[in-house]
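Asks: Handing over my_file-v4.pdb, PDB, C-alpha atoms.
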```pdb
ATOM      1  CA  MET A  17      28.013   8.749  16.411  1.00  0.00           C
ATOM      2  CA  SER A  18      30.352   6.291  18.138  1.00  0.00           C
ATOM      3  CA  LYS A  19      31.735   3.329  16.198  1.00  0.00           C
ATOM      4  CA  THR A  20      29.633   0.963  18.312  1.00  0.00           C
ATOM      5  CA  LEU A  21      26.409   2.826  17.526  1.00  0.00           C
ATOM      6  CA  GLU A  22      27.382   3.144  13.882  1.00  0.00           C
ATOM      7  CA  LYS A  23      28.006  -0.609  13.665  1.00  0.00           C
ATOM      8  CA  ARG A  24      24.673  -1.330  15.310  1.00  0.00           C
ATOM      9  CA  ALA A  25      22.867   1.014  12.896  1.00  0.00           C
ATOM     10  CA  LYS A  26      24.465  -0.713   9.913  1.00  0.00           C
ATOM     11  CA  LEU A  27      23.583  -4.159  11.266  1.00  0.00           C
ATOM     12  CA  ARG A  28      20.012  -3.045  11.894  1.00  0.00           C
ATOM     13  CA  GLU A  29      19.728  -1.770   8.318  1.00  0.00           C
ATOM     14  CA  SER A  30      21.199  -5.016   7.003  1.00  0.00           C
ATOM     15  CA  LEU A  31      18.703  -7.000   9.078  1.00  0.00           C
ATOM     16  CA  ILE A  32      15.761  -5.023   7.691  1.00  0.00           C
ATOM     17  CA  GLU A  33      17.070  -5.459   4.142  1.00  0.00           C
ATOM     18  CA  ALA A  34      17.466  -9.203   4.724  1.00  0.00           C
ATOM     19  CA  ALA A  35      13.906  -9.418   6.034  1.00  0.00           C
ATOM     20  CA  GLU A  36      12.713  -7.512   2.981  1.00  0.00           C
ATOM     21  CA  ARG A  37      14.411 -10.012   0.664  1.00  0.00           C
ATOM     22  CA  ARG A  38      12.976 -12.957   2.592  1.00  0.00           C
ATOM     23  CA  ILE A  39       9.432 -11.565   2.482  1.00  0.00           C
ATOM     24  CA  ALA A  40       9.754 -10.700  -1.219  1.00  0.00           C
ATOM     25  CA  ALA A  41      10.852 -14.277  -1.941  1.00  0.00           C
ATOM     26  CA  GLY A  42       8.483 -16.245   0.272  1.00  0.00           C
ATOM     27  CA  GLY A  43       5.987 -13.954   1.971  1.00  0.00           C
ATOM     28  CA  LEU A  44       5.556 -13.534   5.704  1.00  0.00           C
ATOM     29  CA  ALA A  45       5.415 -17.302   6.187  1.00  0.00           C
ATOM     30  CA  GLY A  46       9.021 -17.536   5.020  1.00  0.00           C
ATOM     31  CA  LEU A  47      10.356 -15.075   7.587  1.00  0.00           C
ATOM     32  CA  LYS A  48      12.428 -16.862  10.249  1.00  0.00           C
ATOM     33  CA  THR A  49      14.783 -15.116  12.663  1.00  0.00           C
ATOM     34  CA  ARG A  50      17.359 -17.893  12.425  1.00  0.00           C
ATOM     35  CA  ASP A  51      17.567 -17.363   8.659  1.00  0.00           C
ATOM     36  CA  LEU A  52      17.883 -13.608   9.105  1.00  0.00           C
ATOM     37  CA  ALA A  53      20.624 -14.052  11.693  1.00  0.00           C
ATOM     38  CA  ARG A  54      22.530 -16.225   9.252  1.00  0.00           C
ATOM     39  CA  ASP A  55      21.966 -13.701   6.451  1.00  0.00           C
ATOM     40  CA  VAL A  56      23.658 -10.908   8.412  1.00  0.00           C
ATOM     41  CA  SER A  57      26.185 -13.131  10.241  1.00  0.00           C
ATOM     42  CA  ILE A  58      24.963 -12.633  13.799  1.00  0.00           C
ATOM     43  CA  ALA A  59      23.765 -14.970  16.555  1.00  0.00           C
ATOM     44  CA  ASN A  60      20.048 -15.748  16.516  1.00  0.00           C
ATOM     45  CA  GLY A  61      19.486 -13.987  19.841  1.00  0.00           C
ATOM     46  CA  ALA A  62      21.283 -10.887  18.595  1.00  0.00           C
ATOM     47  CA  VAL A  63      18.357 -10.119  16.273  1.00  0.00           C
ATOM     48  CA  TYR A  64      16.501  -8.748  19.298  1.00  0.00           C
ATOM     49  CA  ASN A  65      19.361  -6.407  20.099  1.00  0.00           C
ATOM     50  CA  LEU A  66      18.598  -4.672  16.794  1.00  0.00           C
ATOM     51  CA  VAL A  67      14.772  -4.671  16.844  1.00  0.00           C
ATOM     52  CA  ASP A  68      12.277  -5.102  19.651  1.00  0.00           C
ATOM     53  CA  ASP A  69      10.533  -8.071  18.054  1.00  0.00           C
ATOM     54  CA  VAL A  70       9.402  -9.554  14.750  1.00  0.00           C
ATOM     55  CA  ASP A  71       6.446  -7.155  14.642  1.00  0.00           C
ATOM     56  CA  GLU A  72       8.796  -4.183  14.545  1.00  0.00           C
ATOM     57  CA  LEU A  73      10.938  -5.845  11.900  1.00  0.00           C
ATOM     58  CA  ILE A  74       7.924  -6.457   9.644  1.00  0.00           C
ATOM     59  CA  LEU A  75       6.688  -2.900  10.170  1.00  0.00           C
ATOM     60  CA  ARG A  76      10.115  -1.524   9.221  1.00  0.00           C
ATOM     61  CA  VAL A  77      10.035  -3.554   6.025  1.00  0.00           C
ATOM     62  CA  GLY A  78       6.519  -2.257   5.453  1.00  0.00           C
ATOM     63  CA  SER A  79       7.790   1.286   5.900  1.00  0.00           C
ATOM     64  CA  ARG A  80      10.238   0.741   3.039  1.00  0.00           C
ATOM     65  CA  THR A  81       7.456  -0.732   0.897  1.00  0.00           C
ATOM     66  CA  LEU A  82       5.161   2.216   1.614  1.00  0.00           C
ATOM     67  CA  ALA A  83       7.931   4.665   0.713  1.00  0.00           C
ATOM     68  CA  ARG A  84       8.372   3.008  -2.682  1.00  0.00           C
ATOM     69  CA  LEU A  85       4.610   2.891  -3.210  1.00  0.00           C
ATOM     70  CA  ASP A  86       4.450   6.597  -2.334  1.00  0.00           C
ATOM     71  CA  ALA A  87       7.121   7.314  -4.947  1.00  0.00           C
ATOM     72  CA  ALA A  88       5.244   5.264  -7.572  1.00  0.00           C
ATOM     73  CA  LEU A  89       1.979   7.115  -6.934  1.00  0.00           C
ATOM     74  CA  THR A  90       3.745  10.476  -6.954  1.00  0.00           C
ATOM     75  CA  SER A  91       5.307   9.620 -10.310  1.00  0.00           C
ATOM     76  CA  ALA A  92       1.899   8.656 -11.695  1.00  0.00           C
ATOM     77  CA  GLU A  93       0.429  11.969 -10.560  1.00  0.00           C
ATOM     78  CA  ALA A  94       3.244  13.914 -12.210  1.00  0.00           C
ATOM     79  CA  ASP A  95       3.047  12.073 -15.536  1.00  0.00           C
ATOM     80  CA  GLY A  96       1.673  14.986 -17.551  1.00  0.00           C
ATOM     81  CA  ALA A  97      -1.376  17.173 -17.089  1.00  0.00           C
ATOM     82  CA  ALA A  98      -4.651  15.468 -16.287  1.00  0.00           C
ATOM     83  CA  SER A  99      -8.073  16.215 -14.874  1.00  0.00           C
ATOM     84  CA  PRO A 100      -8.674  15.218 -11.242  1.00  0.00           C
ATOM     85  CA  GLY A 101     -10.679  12.222 -12.441  1.00  0.00           C
ATOM     86  CA  GLU A 102      -7.911  11.004 -14.746  1.00  0.00           C
ATOM     87  CA  THR A 103      -5.383  11.575 -11.967  1.00  0.00           C
ATOM     88  CA  LEU A 104      -7.382   9.162  -9.831  1.00  0.00           C
ATOM     89  CA  VAL A 105      -7.305   6.651 -12.699  1.00  0.00           C
ATOM     90  CA  ARG A 106      -3.506   6.988 -12.970  1.00  0.00           C
ATOM     91  CA  ILE A 107      -3.120   6.501  -9.235  1.00  0.00           C
ATOM     92  CA  ALA A 108      -5.344   3.408  -9.259  1.00  0.00           C
ATOM     93  CA  VAL A 109      -3.480   1.825 -12.176  1.00  0.00           C
ATOM     94  CA  ALA A 110      -0.113   2.671 -10.590  1.00  0.00           C
ATOM     95  CA  TYR A 111      -1.301   0.980  -7.384  1.00  0.00           C
ATOM     96  CA  CYS A 112      -2.196  -2.131  -9.382  1.00  0.00           C
ATOM     97  CA  ASP A 113       1.181  -2.130 -11.127  1.00  0.00           C
ATOM     98  CA  PHE A 114       3.059  -1.733  -7.856  1.00  0.00           C
ATOM     99  CA  ALA A 115       1.152  -4.608  -6.268  1.00  0.00           C
ATOM    100  CA  ALA A 116       1.816  -6.872  -9.246  1.00  0.00           C
ATOM    101  CA  GLU A 117       5.528  -6.039  -9.293  1.00  0.00           C
ATOM    102  CA  ASN A 118       5.983  -6.319  -5.499  1.00  0.00           C
ATOM    103  CA  LEU A 119       3.371  -8.953  -4.752  1.00  0.00           C
ATOM    104  CA  GLU A 120       4.627 -10.501  -1.501  1.00  0.00           C
ATOM    105  CA  LEU A 121       5.816  -7.215  -0.006  1.00  0.00           C
ATOM    106  CA  TRP A 122       2.482  -5.631  -0.906  1.00  0.00           C
ATOM    107  CA  ARG A 123       0.570  -8.554   0.586  1.00  0.00           C
ATOM    108  CA  ALA A 124       2.612  -8.290   3.775  1.00  0.00           C
ATOM    109  CA  LEU A 125       1.282  -4.759   4.332  1.00  0.00           C
ATOM    110  CA  PHE A 126      -2.196  -6.206   4.813  1.00  0.00           C
ATOM    111  CA  GLU A 127      -1.536  -9.746   6.040  1.00  0.00           C
ATOM    112  CA  HIS A 128       0.605  -8.824   9.028  1.00  0.00           C
ATOM    113  CA  ARG A 129      -1.159  -8.833  12.389  1.00  0.00           C
ATOM    114  CA  MET A 130       0.376  -7.467  15.558  1.00  0.00           C
ATOM    115  CA  ALA A 131       0.726  -9.724  18.580  1.00  0.00           C
ATOM    116  CA  PRO A 132      -2.533  -9.911  20.612  1.00  0.00           C
ATOM    117  CA  GLY A 133      -3.030  -6.783  22.690  1.00  0.00           C
ATOM    118  CA  LYS A 134      -0.204  -4.921  20.979  1.00  0.00           C
ATOM    119  CA  PRO A 135      -1.272  -1.768  19.090  1.00  0.00           C
ATOM    120  CA  VAL A 136       0.186  -0.636  15.789  1.00  0.00           C
ATOM    121  CA  PRO A 137       2.691   2.171  16.540  1.00  0.00           C
ATOM    122  CA  GLU A 138       1.612   5.708  15.685  1.00  0.00           C
ATOM    123  CA  TRP A 139       4.499   6.179  13.261  1.00  0.00           C
ATOM    124  CA  ALA A 140       3.313   3.187  11.215  1.00  0.00           C
ATOM    125  CA  ILE A 141      -0.288   4.423  11.175  1.00  0.00           C
ATOM    126  CA  ASP A 142       0.870   7.891  10.101  1.00  0.00           C
ATOM    127  CA  GLU A 143       2.847   6.421   7.192  1.00  0.00           C
ATOM    128  CA  GLN A 144      -0.173   4.453   6.003  1.00  0.00           C
ATOM    129  CA  MET A 145      -2.594   7.358   6.304  1.00  0.00           C
ATOM    130  CA  ASN A 146      -0.193   9.735   4.550  1.00  0.00           C
ATOM    131  CA  LEU A 147      -0.693   7.793   1.309  1.00  0.00           C
ATOM    132  CA  PHE A 148      -4.363   8.760   1.227  1.00  0.00           C
ATOM    133  CA  ARG A 149      -3.317  12.266   0.200  1.00  0.00           C
ATOM    134  CA  HIS A 150      -2.858  10.927  -3.331  1.00  0.00           C
ATOM    135  CA  ILE A 151      -6.597  10.183  -3.470  1.00  0.00           C
ATOM    136  CA  TYR A 152      -7.754  13.029  -1.240  1.00  0.00           C
ATOM    137  CA  HIS A 153      -6.290  15.910  -3.270  1.00  0.00           C
ATOM    138  CA  PRO A 154      -7.944  15.043  -6.614  1.00  0.00           C
ATOM    139  CA  LEU A 155     -11.217  14.405  -4.781  1.00  0.00           C
ATOM    140  CA  ALA A 156     -10.953  17.839  -3.137  1.00  0.00           C
ATOM    141  CA  GLU A 157     -10.710  19.362  -6.617  1.00  0.00           C
ATOM    142  CA  LEU A 158     -13.708  17.393  -7.821  1.00  0.00           C
ATOM    143  CA  PHE A 159     -15.829  18.160  -4.749  1.00  0.00           C
ATOM    144  CA  PRO A 160     -14.763  21.547  -3.342  1.00  0.00           C
ATOM    145  CA  LYS A 161     -17.927  21.835  -1.229  1.00  0.00           C
ATOM    146  CA  ARG A 162     -17.355  18.603   0.691  1.00  0.00           C
ATOM    147  CA  THR A 163     -15.948  18.704   4.201  1.00  0.00           C
ATOM    148  CA  PRO A 164     -12.595  17.070   5.011  1.00  0.00           C
ATOM    149  CA  ASP A 165     -14.445  14.258   6.791  1.00  0.00           C
ATOM    150  CA  GLU A 166     -16.664  13.649   3.778  1.00  0.00           C
ATOM    151  CA  LEU A 167     -13.660  13.622   1.456  1.00  0.00           C
ATOM    152  CA  GLY A 168     -11.912  11.217   3.794  1.00  0.00           C
ATOM    153  CA  VAL A 169     -14.818   8.765   3.628  1.00  0.00           C
ATOM    154  CA  THR A 170     -14.928   8.983  -0.178  1.00  0.00           C
ATOM    155  CA  ALA A 171     -11.154   8.495  -0.398  1.00  0.00           C
ATOM    156  CA  ARG A 172     -11.302   5.365   1.760  1.00  0.00           C
ATOM    157  CA  SER A 173     -14.262   4.019  -0.213  1.00  0.00           C
ATOM    158  CA  LEU A 174     -12.479   4.536  -3.524  1.00  0.00           C
ATOM    159  CA  PHE A 175      -9.328   2.899  -2.180  1.00  0.00           C
ATOM    160  CA  SER A 176     -11.312  -0.062  -0.860  1.00  0.00           C
ATOM    161  CA  ALA A 177     -12.890  -0.630  -4.273  1.00  0.00           C
ATOM    162  CA  VAL A 178      -9.563  -0.526  -6.112  1.00  0.00           C
ATOM    163  CA  HIS A 179      -7.746  -2.553  -3.459  1.00  0.00           C
ATOM    164  CA  GLY A 180     -10.417  -5.247  -3.584  1.00  0.00           C
ATOM    165  CA  MET A 181     -10.110  -5.524  -7.350  1.00  0.00           C
ATOM    166  CA  VAL A 182      -6.327  -5.752  -7.140  1.00  0.00           C
ATOM    167  CA  LEU A 183      -6.446  -8.285  -4.316  1.00  0.00           C
ATOM    168  CA  LEU A 184      -8.842 -10.596  -6.133  1.00  0.00           C
ATOM    169  CA  GLY A 185      -7.328 -10.021  -9.557  1.00  0.00           C
ATOM    170  CA  LEU A 186      -3.814 -10.947  -8.451  1.00  0.00           C
ATOM    171  CA  GLU A 187      -4.918 -13.958  -6.398  1.00  0.00           C
ATOM    172  CA  GLN A 188      -3.073 -16.992  -7.715  1.00  0.00           C
ATOM    173  CA  LYS A 189      -6.215 -19.094  -8.054  1.00  0.00           C
ATOM    174  CA  LEU A 190      -9.068 -19.535 -10.519  1.00  0.00           C
ATOM    175  CA  ILE A 191     -10.090 -15.877 -10.287  1.00  0.00           C
ATOM    176  CA  ALA A 192      -6.655 -14.587 -11.269  1.00  0.00           C
ATOM    177  CA  VAL A 193      -6.804 -11.917 -13.985  1.00  0.00           C
ATOM    178  CA  PRO A 194      -3.992 -11.003 -16.413  1.00  0.00           C
ATOM    179  CA  VAL A 195      -2.411  -7.772 -15.197  1.00  0.00           C
ATOM    180  CA  GLU A 196      -3.087  -5.853 -18.412  1.00  0.00           C
ATOM    181  CA  ALA A 197      -6.774  -6.799 -18.300  1.00  0.00           C
ATOM    182  CA  LEU A 198      -6.893  -5.912 -14.611  1.00  0.00           C
ATOM    183  CA  ARG A 199      -5.393  -2.488 -15.332  1.00  0.00           C
ATOM    184  CA  GLU A 200      -8.063  -1.823 -17.951  1.00  0.00           C
ATOM    185  CA  GLU A 201     -10.861  -2.946 -15.653  1.00  0.00           C
ATOM    186  CA  ILE A 202      -9.597  -0.785 -12.795  1.00  0.00           C
ATOM    187  CA  ALA A 203      -9.363   2.265 -15.056  1.00  0.00           C
ATOM    188  CA  ALA A 204     -12.919   1.667 -16.287  1.00  0.00           C
ATOM    189  CA  ILE A 205     -14.317   1.195 -12.777  1.00  0.00           C
ATOM    190  CA  VAL A 206     -12.611   4.316 -11.394  1.00  0.00           C
ATOM    191  CA  ARG A 207     -13.903   6.404 -14.313  1.00  0.00           C
ATOM    192  CA  ALA A 208     -17.396   5.023 -13.734  1.00  0.00           C
ATOM    193  CA  MET A 209     -17.208   5.776 -10.018  1.00  0.00           C
ATOM    194  CA  VAL A 210     -15.988   9.331 -10.594  1.00  0.00           C
ATOM    195  CA  ASP A 211     -18.692   9.865 -13.219  1.00  0.00           C
ATOM    196  CA  GLY A 212     -21.334   8.513 -10.873  1.00  0.00           C
ATOM    197  CA  LEU A 213     -20.155  10.768  -8.042  1.00  0.00           C
ATOM    198  CA  THR A 214     -19.966  13.903 -10.165  1.00  0.00           C
ATOM    199  CA  HIS A 215     -23.156  13.261 -12.170  1.00  0.00           C
ATOM    200  CA  PRO A 216     -25.488  11.426  -9.799  1.00  0.00           C
ATOM    201  CA  VAL A 217     -28.770  10.160 -11.191  1.00  0.00           C
ATOM    202  CA  ALA A 218     -31.832  11.551  -9.412  1.00  0.00           C
ATOM    203  CA  PRO A 219     -34.039   8.967  -7.671  1.00  0.00           C
ATOM    204  CA  GLY A 220     -36.631   7.527 -10.034  1.00  0.00           C
ATOM    205  CA  LYS A 221     -34.722   8.570 -13.140  1.00  0.00           C
ATOM    206  CA  ARG A 222     -32.586   6.489 -15.448  1.00  0.00           C
ATOM    207  CA  SER A 223     -29.078   7.343 -16.506  1.00  0.00           C
ATOM    208  CA  ALA A 224     -28.874   8.747 -20.023  1.00  0.00           C
ATOM    209  CA  THR A 225     -26.415   5.982 -20.895  1.00  0.00           C
ATOM    210  CA  ARG A 226     -28.814   3.182 -19.996  1.00  0.00           C
ATOM    211  CA  ASP A 227     -30.930   1.364 -22.508  1.00  0.00           C
ATOM    212  CA  PRO A 228     -34.657   2.224 -22.333  1.00  0.00           C
TER     213      PRO A 228
END
```
Kindly transcribe the structure held in the file into structure tokens.

Replies:
Amino acid sequence: MSKTLEKRAKLRESLIEAAERRIAAGGLAGLKTRDLARDVSIANGAVYNLVDDVDELILRVGSRTLARLDAALTSAEADGAASPGETLVRIAVAYCDFAAENLELWRALFEHRMAPGKPVPEWAIDEQMNLFRHIYHPLAELFPKRTPDELGVTARSLFSAVHGMVLLGLEQKLIAVPVEALREEIAAIVRAMVDGLTHPVAPGKRSATRDP
């Protein structure tokens, strides 16, 4: 690599790191190119010599966030032997913990919207979808007879339930929930969902755990 290309690569990395710090401190609303240019000691217009636009910059920050989330979920999976159901509980709680510890960066993953008419790049979609393997694999053990498409729907449904709880629980308003309580609630809900999926109640019958 030539010195010019090497310098550009280093500046690009510094720009992405600066954007990451800005988002972590103030969310997407606090991301301004003039501030980033000052952070890395370049002219404001030079930002677009390093990235195509702000969308790309935010997606690159998101890529770093997803990589750390992936590592956190992988660590949770590897934290001792567990049944597939308990693995799903660990993953859900680890997701909650990551969101709480990286709140603005986590929010940015879902709050960012591409410019009108501009699609999300395939590489970004692939990175997002790759994380579903953490949910998919335990579900495949629990439901070996289900097709990949069926498992995919269940994985997305389970994620949506957990994500919704985390989103509402961490909201800095009246419905905010202490993180420890939120972790316990998420674990309980995931266990209940897994139990309901693996031991469905026949129509017209009551669950054995219900009061008469």

Asks: Provide the CA of Leu27 (chain A) to CA of Leu47 (chain A) distance in Å, to one decimal place.

Replies: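 Interatomic distance here is 17.5 Å.
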
Asks: Counting only C-alpha atoms, which of A:Ile202, A:Ala83, A:Val67, A:Val77 gets nearest to Gly43 (chain A)?

Replies: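 That would be A:Val77, the residue with the smallest distance to Gly43 (chain A).
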
Asks: Suppose a student applies the PyMOL selection byres ((chain A and resi 107) around 9) to this structure; what residues should they get, written as a PyMOL selection string?

Replies: chain A and resi 88-90+92-93+102-106+108-112+150-151

Asks: Those residues with C-alpha atoms, as a PDB file, in the frame of the given file please?

Replies:
```
ATOM      1  CA  ALA A  88       5.244   5.264  -7.572  1.00  0.00           C
ATOM      2  CA  LEU A  89       1.979   7.115  -6.934  1.00  0.00           C
ATOM      3  CA  THR A  90       3.745  10.476  -6.954  1.00  0.00           C
ATOM      4  CA  ALA A  92       1.899   8.656 -11.695  1.00  0.00           C
ATOM      5  CA  GLU A  93       0.429  11.969 -10.560  1.00  0.00           C
ATOM      6  CA  GLU A 102      -7.911  11.004 -14.746  1.00  0.00           C
ATOM      7  CA  THR A 103      -5.383  11.575 -11.967  1.00  0.00           C
ATOM      8  CA  LEU A 104      -7.382   9.162  -9.831  1.00  0.00           C
ATOM      9  CA  VAL A 105      -7.305   6.651 -12.699  1.00  0.00           C
ATOM     10  CA  ARG A 106      -3.506   6.988 -12.970  1.00  0.00           C
ATOM     11  CA  ALA A 108      -5.344   3.408  -9.259  1.00  0.00           C
ATOM     12  CA  VAL A 109      -3.480   1.825 -12.176  1.00  0.00           C
ATOM     13  CA  ALA A 110      -0.113   2.671 -10.590  1.00  0.00           C
ATOM     14  CA  TYR A 111      -1.301   0.980  -7.384  1.00  0.00           C
ATOM     15  CA  CYS A 112      -2.196  -2.131  -9.382  1.00  0.00           C
ATOM     16  CA  HIS A 150      -2.858  10.927  -3.331  1.00  0.00           C
ATOM     17  CA  ILE A 151      -6.597  10.183  -3.470  1.00  0.00           C
TER      18      ILE A 151
END
```

Asks: Which of these residues is nearest to Thr214 (chain A), using only C-alpha atoms: A:Ala45, A:Leu158, A:Leu184, A:Leu75?

Replies: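 Of all the options, A:Leu158 lies closest to Thr214 (chain A).
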
Asks: Run through the PyMOL selection byres ((chain A and resi 18-24) around 12) on the given coordinates and return the selected residues as a list of chain:residue names.

Replies: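 So the PyMOL selection byres ((chain A and resi 18-24) around 12), applied here, picks out A:Met17, A:Ala25, A:Lys26, A:Leu27, A:Arg28, A:Glu29, A:Ser30, A:Leu31, A:Val56, A:Ile58, A:Ala62, A:Val63, A:Tyr64, A:Asn65, A:Leu66, A:Val67.
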
Asks: Go ahead and dump the residues you just picked, C-alpha atoms, as a PDB file, in the coordinates of the input.

Replies:
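That gives us again36.pdb:
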```
ATOM      1  CA  MET A  17      28.013   8.749  16.411  1.00  0.00           C
ATOM      2  CA  ALA A  25      22.867   1.014  12.896  1.00  0.00           C
ATOM      3  CA  LYS A  26      24.465  -0.713   9.913  1.00  0.00           C
ATOM      4  CA  LEU A  27      23.583  -4.159  11.266  1.00  0.00           C
ATOM      5  CA  ARG A  28      20.012  -3.045  11.894  1.00  0.00           C
ATOM      6  CA  GLU A  29      19.728  -1.770   8.318  1.00  0.00           C
ATOM      7  CA  SER A  30      21.199  -5.016   7.003  1.00  0.00           C
ATOM      8  CA  LEU A  31      18.703  -7.000   9.078  1.00  0.00           C
ATOM      9  CA  VAL A  56      23.658 -10.908   8.412  1.00  0.00           C
ATOM     10  CA  ILE A  58      24.963 -12.633  13.799  1.00  0.00           C
ATOM     11  CA  ALA A  62      21.283 -10.887  18.595  1.00  0.00           C
ATOM     12  CA  VAL A  63      18.357 -10.119  16.273  1.00  0.00           C
ATOM     13  CA  TYR A  64      16.501  -8.748  19.298  1.00  0.00           C
ATOM     14  CA  ASN A  65      19.361  -6.407  20.099  1.00  0.00           C
ATOM     15  CA  LEU A  66      18.598  -4.672  16.794  1.00  0.00           C
ATOM     16  CA  VAL A  67      14.772  -4.671  16.844  1.00  0.00           C
TER      17      VAL A  67
END
```

Asks: Please report the interatomic distance between CA of Trp122 (chain A) and CA of Ile39 (chain A) in Å with one decimal.

Replies: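 Going from CA of Trp122 (chain A) over to CA of Ile39 (chain A) covers 9.7 Å.
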
Asks: Decode the PyMOL selection byres ((chain A and resi 177-183) around 12) for the given file into explicit residues and return them as a ChimeraX atom specification.

Replies: /A:104-116,119-120,122-123,126-127,151,170-176,184-189,191-209

Asks: To one decimal in Å, tell me the separation between CA of Asp71 (chain A) and CA of Met130 (chain A).

Replies: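 These atoms are spaced 6.1 Å apart.
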
Asks: For a quick check of understanding, using all atoms listed in the file, which of A:Ala53, A:Val70, A:Val210, A:Leu125 has the smallest distance to Leu82 (chain A)?

Replies: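 Smallest distance to Leu82 (chain A) is found for A:Leu125.
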
Asks: Counting all atoms listed in the file, which of A:Gly133, A:Gly101, A:Gly168, A:Pro160 gets nearest to Gly212 (chain A)?

Replies: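 Answer, going by the shortest atom-to-atom distance: A:Gly101.
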
Asks: If we count only C-alpha atoms, what is near Arg129 (chain A) at a cut-off of 10 Å, once residues fewer than 6 positions away on the same chain are taken out, given as a ChimeraX atom specification?

Replies: /A:71,74,135-136
